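A.B. asks: One structure, as structure tokens, below. Some questions next.
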Amino acid sequence: MIGDELPMMTACYRSAVDGAVGEDGLEPCNRSLSGEPLSDRKRAIVHANRGVVQFNSGDYAAAIEDFTAALDLGINVRARILVNRGLCYEALRYDALARADYQAALAFNPDNAAAKRRLEELEKPAFERVGVPRRITADAGFADIEGS
């Protein structure tokens, strides 16, 4: 729980954690961004969580916008957000951009297993790759790959 003073931010986080998709998942995030007094850090968290909902809804371009906004606001979990944005690029078959994000994630956190795995996949011929996950989850206010 993030706090009673920002109920829409909390609901947005719950949407990302619970795997919500579509308008039902996006509504609290949109309401938080438009109507709650958010610090830059909290705004970044809402963008990251909305990005998770967008990803899970299959709207990778919108997810990229949200993950980029989170990064621009200086979110402190840059490696995880870069991996999530890389997954979006990879889903859209922008392999060079995905690779750049995974490499940047490793620059922030050399132990990031998800970034390492995705870079290994990008080295394989396309027909041998394991595809991007269908779902990502939010954990402690930021996005992460399910199961990593």
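Each chain in the structure tokens gets a letter, A, B, ..., in the order shown, and its residues are numbered from 1; ligands are numbered from 1 in order too.
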Using backbone DSSP assignments, extract all strand (DSSP E) residues from range 51-144 of chain A; output them as number ranges by chain.

C.D. replies: A: 136-139, 142-144

A.B. asks: Can you write out the residues you just picked, keeping N, CA, C and O atoms, as a compact mmCIF listing (two decimals), in the first residue's frame?

C.D. replies:
```
# COMPACT_ATOMS: atom_id res chain seq x y z
N ILE A 136 4.11 -8.85 -17.64
CA ILE A 136 5.10 -8.44 -16.66
C ILE A 136 4.33 -8.01 -15.42
O ILE A 136 3.12 -7.81 -15.49
N THR A 137 5.00 -7.93 -14.32
CA THR A 137 4.31 -7.59 -13.07
C THR A 137 4.97 -6.38 -12.43
O THR A 137 6.08 -5.99 -12.79
N ALA A 138 4.28 -5.82 -11.49
CA ALA A 138 4.82 -4.73 -10.69
C ALA A 138 5.13 -5.28 -9.31
O ALA A 138 4.41 -6.11 -8.79
N ASP A 139 6.21 -4.79 -8.74
CA ASP A 139 6.62 -5.24 -7.42
C ASP A 139 7.22 -4.06 -6.69
O ASP A 139 8.13 -3.43 -7.20
N PHE A 142 7.46 -0.75 -8.77
CA PHE A 142 8.13 -0.67 -10.06
C PHE A 142 7.84 -1.93 -10.86
O PHE A 142 7.36 -2.92 -10.34
N ALA A 143 8.15 -1.87 -12.11
CA ALA A 143 7.84 -3.00 -13.00
C ALA A 143 9.02 -3.97 -13.06
O ALA A 143 10.15 -3.58 -12.92
N ASP A 144 8.71 -5.21 -13.27
CA ASP A 144 9.73 -6.24 -13.38
C ASP A 144 9.17 -7.38 -14.20
O ASP A 144 7.96 -7.53 -14.33
```

A.B. asks: Neighbouring residues of range 70-86 of chain A were defined as those with any atom within 9 Å, considering only C-alpha atoms; residues of the same chain fewer than 4 positions away were excluded. Please report them as a CSV table (one decimal) with N, CA, C and O atoms, in the first residue's frame.

C.D. replies:
```csv
chain,number,residue,atom,x,y,z
A,40,ASP,N,7.9,14.1,-8.4
A,40,ASP,CA,8.5,13.5,-9.6
A,40,ASP,C,8.7,12.0,-9.3
A,40,ASP,O,8.5,11.2,-10.2
A,41,ARG,N,9.2,11.6,-8.2
A,41,ARG,CA,9.4,10.2,-7.9
A,41,ARG,C,8.1,9.4,-8.0
A,41,ARG,O,8.0,8.3,-8.6
A,42,LYS,N,7.0,9.9,-7.4
A,42,LYS,CA,5.8,9.2,-7.4
A,42,LYS,C,5.2,9.2,-8.8
A,42,LYS,O,4.6,8.2,-9.2
A,43,ARG,N,5.3,10.3,-9.5
A,43,ARG,CA,4.9,10.4,-10.9
A,43,ARG,C,5.6,9.3,-11.7
A,43,ARG,O,5.0,8.6,-12.6
A,44,ALA,N,6.9,9.1,-11.5
A,44,ALA,CA,7.7,8.1,-12.2
A,44,ALA,C,7.1,6.7,-11.9
A,44,ALA,O,7.0,5.9,-12.8
A,45,ILE,N,6.8,6.5,-10.6
A,45,ILE,CA,6.2,5.2,-10.2
A,45,ILE,C,4.9,4.9,-10.9
A,45,ILE,O,4.6,3.8,-11.4
A,46,VAL,N,4.1,5.9,-11.0
A,46,VAL,CA,2.8,5.8,-11.6
A,46,VAL,C,3.0,5.5,-13.1
A,46,VAL,O,2.3,4.6,-13.7
A,47,HIS,N,3.9,6.2,-13.8
A,47,HIS,CA,4.2,5.9,-15.2
A,47,HIS,C,4.7,4.5,-15.3
A,47,HIS,O,4.3,3.8,-16.3
A,48,ALA,N,5.6,4.0,-14.5
A,48,ALA,CA,6.1,2.7,-14.6
A,48,ALA,C,5.0,1.7,-14.4
A,48,ALA,O,4.9,0.7,-15.2
A,51,GLY,N,2.8,1.7,-17.4
A,51,GLY,CA,3.5,1.0,-18.4
A,51,GLY,C,3.3,-0.5,-18.3
A,51,GLY,O,3.1,-1.2,-19.4
A,52,VAL,N,3.3,-1.1,-17.1
A,52,VAL,CA,3.0,-2.5,-16.9
A,52,VAL,C,1.6,-2.8,-17.5
A,52,VAL,O,1.5,-3.8,-18.2
A,55,PHE,N,1.7,-2.7,-21.2
A,55,PHE,CA,2.3,-3.9,-21.8
A,55,PHE,C,1.4,-5.1,-21.7
A,55,PHE,O,1.2,-5.8,-22.7
A,60,TYR,N,2.2,-1.9,-26.7
A,60,TYR,CA,3.6,-1.7,-26.5
A,60,TYR,C,4.1,-0.3,-26.7
A,60,TYR,O,4.9,0.2,-26.0
A,63,ALA,N,3.2,1.7,-23.7
A,63,ALA,CA,4.0,1.2,-22.6
A,63,ALA,C,5.4,1.9,-22.7
A,63,ALA,O,6.0,2.3,-21.7
A,64,ILE,N,5.9,2.0,-24.0
A,64,ILE,CA,7.2,2.6,-24.2
A,64,ILE,C,7.2,4.1,-23.7
A,64,ILE,O,8.1,4.5,-23.0
A,65,GLU,N,6.1,4.8,-24.0
A,65,GLU,CA,5.9,6.1,-23.6
A,65,GLU,C,6.0,6.3,-22.1
A,65,GLU,O,6.6,7.1,-21.5
A,66,ASP,N,5.3,5.4,-21.4
A,66,ASP,CA,5.2,5.4,-19.9
A,66,ASP,C,6.6,5.1,-19.3
A,66,ASP,O,7.0,5.7,-18.4
A,90,GLU,N,11.3,-5.1,-28.2
A,90,GLU,CA,11.5,-6.4,-28.8
A,90,GLU,C,10.2,-7.0,-29.3
A,90,GLU,O,10.1,-7.6,-30.4
A,91,ALA,N,9.1,-6.8,-28.6
A,91,ALA,CA,7.8,-7.2,-29.1
A,91,ALA,C,7.4,-6.5,-30.4
A,91,ALA,O,6.7,-7.1,-31.2
A,94,TYR,N,11.8,-4.2,-32.8
A,94,TYR,CA,12.9,-3.1,-32.9
A,94,TYR,C,14.1,-3.7,-32.1
A,94,TYR,O,14.4,-3.2,-31.0
A,95,ASP,N,14.7,-4.7,-32.6
A,95,ASP,CA,15.8,-5.4,-31.9
A,95,ASP,C,16.9,-4.5,-31.5
A,95,ASP,O,17.5,-4.7,-30.4
A,97,LEU,N,16.9,-1.3,-30.7
A,97,LEU,CA,16.5,-0.5,-29.6
A,97,LEU,C,16.4,-1.4,-28.3
A,97,LEU,O,16.8,-0.9,-27.2
A,98,ALA,N,15.9,-2.6,-28.5
A,98,ALA,CA,15.8,-3.5,-27.3
A,98,ALA,C,17.2,-3.8,-26.8
A,98,ALA,O,17.4,-3.7,-25.6
A,99,ARG,N,18.1,-4.1,-27.7
A,99,ARG,CA,19.5,-4.4,-27.3
A,99,ARG,C,20.1,-3.3,-26.6
A,99,ARG,O,20.7,-3.4,-25.5
A,100,ALA,N,19.9,-2.0,-27.1
A,100,ALA,CA,20.4,-0.9,-26.4
A,100,ALA,C,19.9,-0.7,-25.0
A,100,ALA,O,20.6,-0.4,-24.1
A,101,ASP,N,18.6,-1.0,-24.8
A,101,ASP,CA,18.0,-0.9,-23.5
A,101,ASP,C,18.6,-2.0,-22.5
A,101,ASP,O,18.8,-1.7,-21.4
A,102,TYR,N,18.7,-3.2,-23.0
A,102,TYR,CA,19.2,-4.2,-22.2
A,102,TYR,C,20.7,-3.9,-21.8
A,102,TYR,O,21.1,-4.2,-20.7
A,103,GLN,N,21.5,-3.4,-22.7
A,103,GLN,CA,22.8,-3.1,-22.4
A,103,GLN,C,22.9,-1.9,-21.4
A,103,GLN,O,23.7,-1.9,-20.5
A,104,ALA,N,22.0,-1.0,-21.6
A,104,ALA,CA,22.0,0.2,-20.6
A,104,ALA,C,21.5,-0.4,-19.2
A,104,ALA,O,22.1,0.1,-18.2
A,105,ALA,N,20.6,-1.3,-19.2
A,105,ALA,CA,20.2,-1.9,-17.9
A,105,ALA,C,21.4,-2.6,-17.2
A,105,ALA,O,21.6,-2.4,-16.0
A,106,LEU,N,22.2,-3.2,-18.0
A,106,LEU,CA,23.4,-3.9,-17.4
A,106,LEU,C,24.4,-2.9,-17.0
A,106,LEU,O,25.2,-3.1,-16.0
A,107,ALA,N,24.5,-1.7,-17.6
A,107,ALA,CA,25.4,-0.7,-17.1
A,107,ALA,C,25.0,-0.2,-15.7
A,107,ALA,O,25.8,0.1,-14.9
A,108,PHE,N,23.7,-0.1,-15.5
A,108,PHE,CA,23.2,0.3,-14.1
A,108,PHE,C,23.3,-0.9,-13.1
A,108,PHE,O,23.5,-0.7,-12.0
A,109,ASN,N,23.0,-2.1,-13.6
A,109,ASN,CA,23.1,-3.3,-12.7
A,109,ASN,C,23.6,-4.5,-13.5
A,109,ASN,O,22.9,-5.2,-14.2
A,112,ASN,N,21.8,-7.9,-13.6
A,112,ASN,CA,20.4,-8.0,-14.0
A,112,ASN,C,20.2,-9.2,-14.9
A,112,ASN,O,20.6,-9.2,-16.1
A,114,ALA,N,17.5,-10.7,-16.1
A,114,ALA,CA,16.6,-10.5,-17.2
A,114,ALA,C,17.3,-9.9,-18.4
A,114,ALA,O,17.1,-10.3,-19.6
A,115,ALA,N,18.0,-8.8,-18.2
A,115,ALA,CA,18.7,-8.2,-19.3
A,115,ALA,C,19.7,-9.1,-20.0
A,115,ALA,O,19.8,-9.2,-21.2
A,118,ARG,N,17.7,-11.7,-22.1
A,118,ARG,CA,17.2,-11.1,-23.3
A,118,ARG,C,18.3,-10.8,-24.4
A,118,ARG,O,18.1,-11.0,-25.6
A,136,ILE,N,4.1,-8.8,-17.6
A,136,ILE,CA,5.1,-8.4,-16.7
A,136,ILE,C,4.3,-8.0,-15.4
A,136,ILE,O,3.1,-7.8,-15.5
A,142,PHE,N,7.5,-0.8,-8.8
A,142,PHE,CA,8.1,-0.7,-10.1
A,142,PHE,C,7.8,-1.9,-10.9
A,142,PHE,O,7.4,-2.9,-10.3
A,143,ALA,N,8.1,-1.9,-12.1
A,143,ALA,CA,7.8,-3.0,-13.0
A,143,ALA,C,9.0,-4.0,-13.1
A,143,ALA,O,10.2,-3.6,-12.9
A,144,ASP,N,8.7,-5.2,-13.3
A,144,ASP,CA,9.7,-6.2,-13.4
A,144,ASP,C,9.2,-7.4,-14.2
A,144,ASP,O,8.0,-7.5,-14.3
A,145,ILE,N,10.0,-8.2,-14.7
A,145,ILE,CA,9.6,-9.4,-15.5
A,145,ILE,C,9.1,-10.4,-14.6
A,145,ILE,O,9.8,-10.7,-13.6
```

A.B. asks: To test your reading of the structure, identify every residue in range 51-133 of chain A that backbone DSSP assigns to helix (DSSP H, G or I), and report it as number ranges by chain.

C.D. replies: A: 51-56, 60-72, 78-91, 95-108, 113-123, 126-128

A.B. asks: Using CA of Gly25 in chain A and CA of Val130 in chain A as the two end points, give the distance in Å to one decimal.

C.D. replies: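 One can read the CA of Gly25 in chain A to CA of Val130 in chain A distance as 27.3 Å.
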
A.B. asks: Considering only C-alpha atoms, state which residue in the set A:Met9, A:Gly19, A:Ser57, A:Glu27 is at the smallest distance from Ser39 in chain A.

C.D. replies: A:Met9

A.B. asks: I'd like the contact shell of Arg129 in chain A - 10 Å cut-off, only C-alpha atoms, skipping same-chain residues fewer than 6 positions apart - returned as a list in words.

C.D. replies: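 Here the qualifying residues turn out to be Arg118, Glu120, Glu121, Leu122 and Glu123 of chain A.
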
A.B. asks: Rounded to one decimal place, report the CA of Val132 in chain A-CA of Asn30 in chain A distance in Å.

C.D. replies: 26.0 Å

A.B. asks: Quick one: distance from CA of Ala20 in chain A to CA of Leu119 in chain A in Å, one decimal?

C.D. replies: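 According to the coordinates, CA of Ala20 in chain A and CA of Leu119 in chain A are separated by 27.9 Å.
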
A.B. asks: Between A:Val21, A:Ala11, A:Cys29, A:Leu87, single out the one closest to Asn56 in chain A, counting only C-alpha atoms.

C.D. replies: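 That would be A:Val21, the residue with the smallest distance to Asn56 in chain A.
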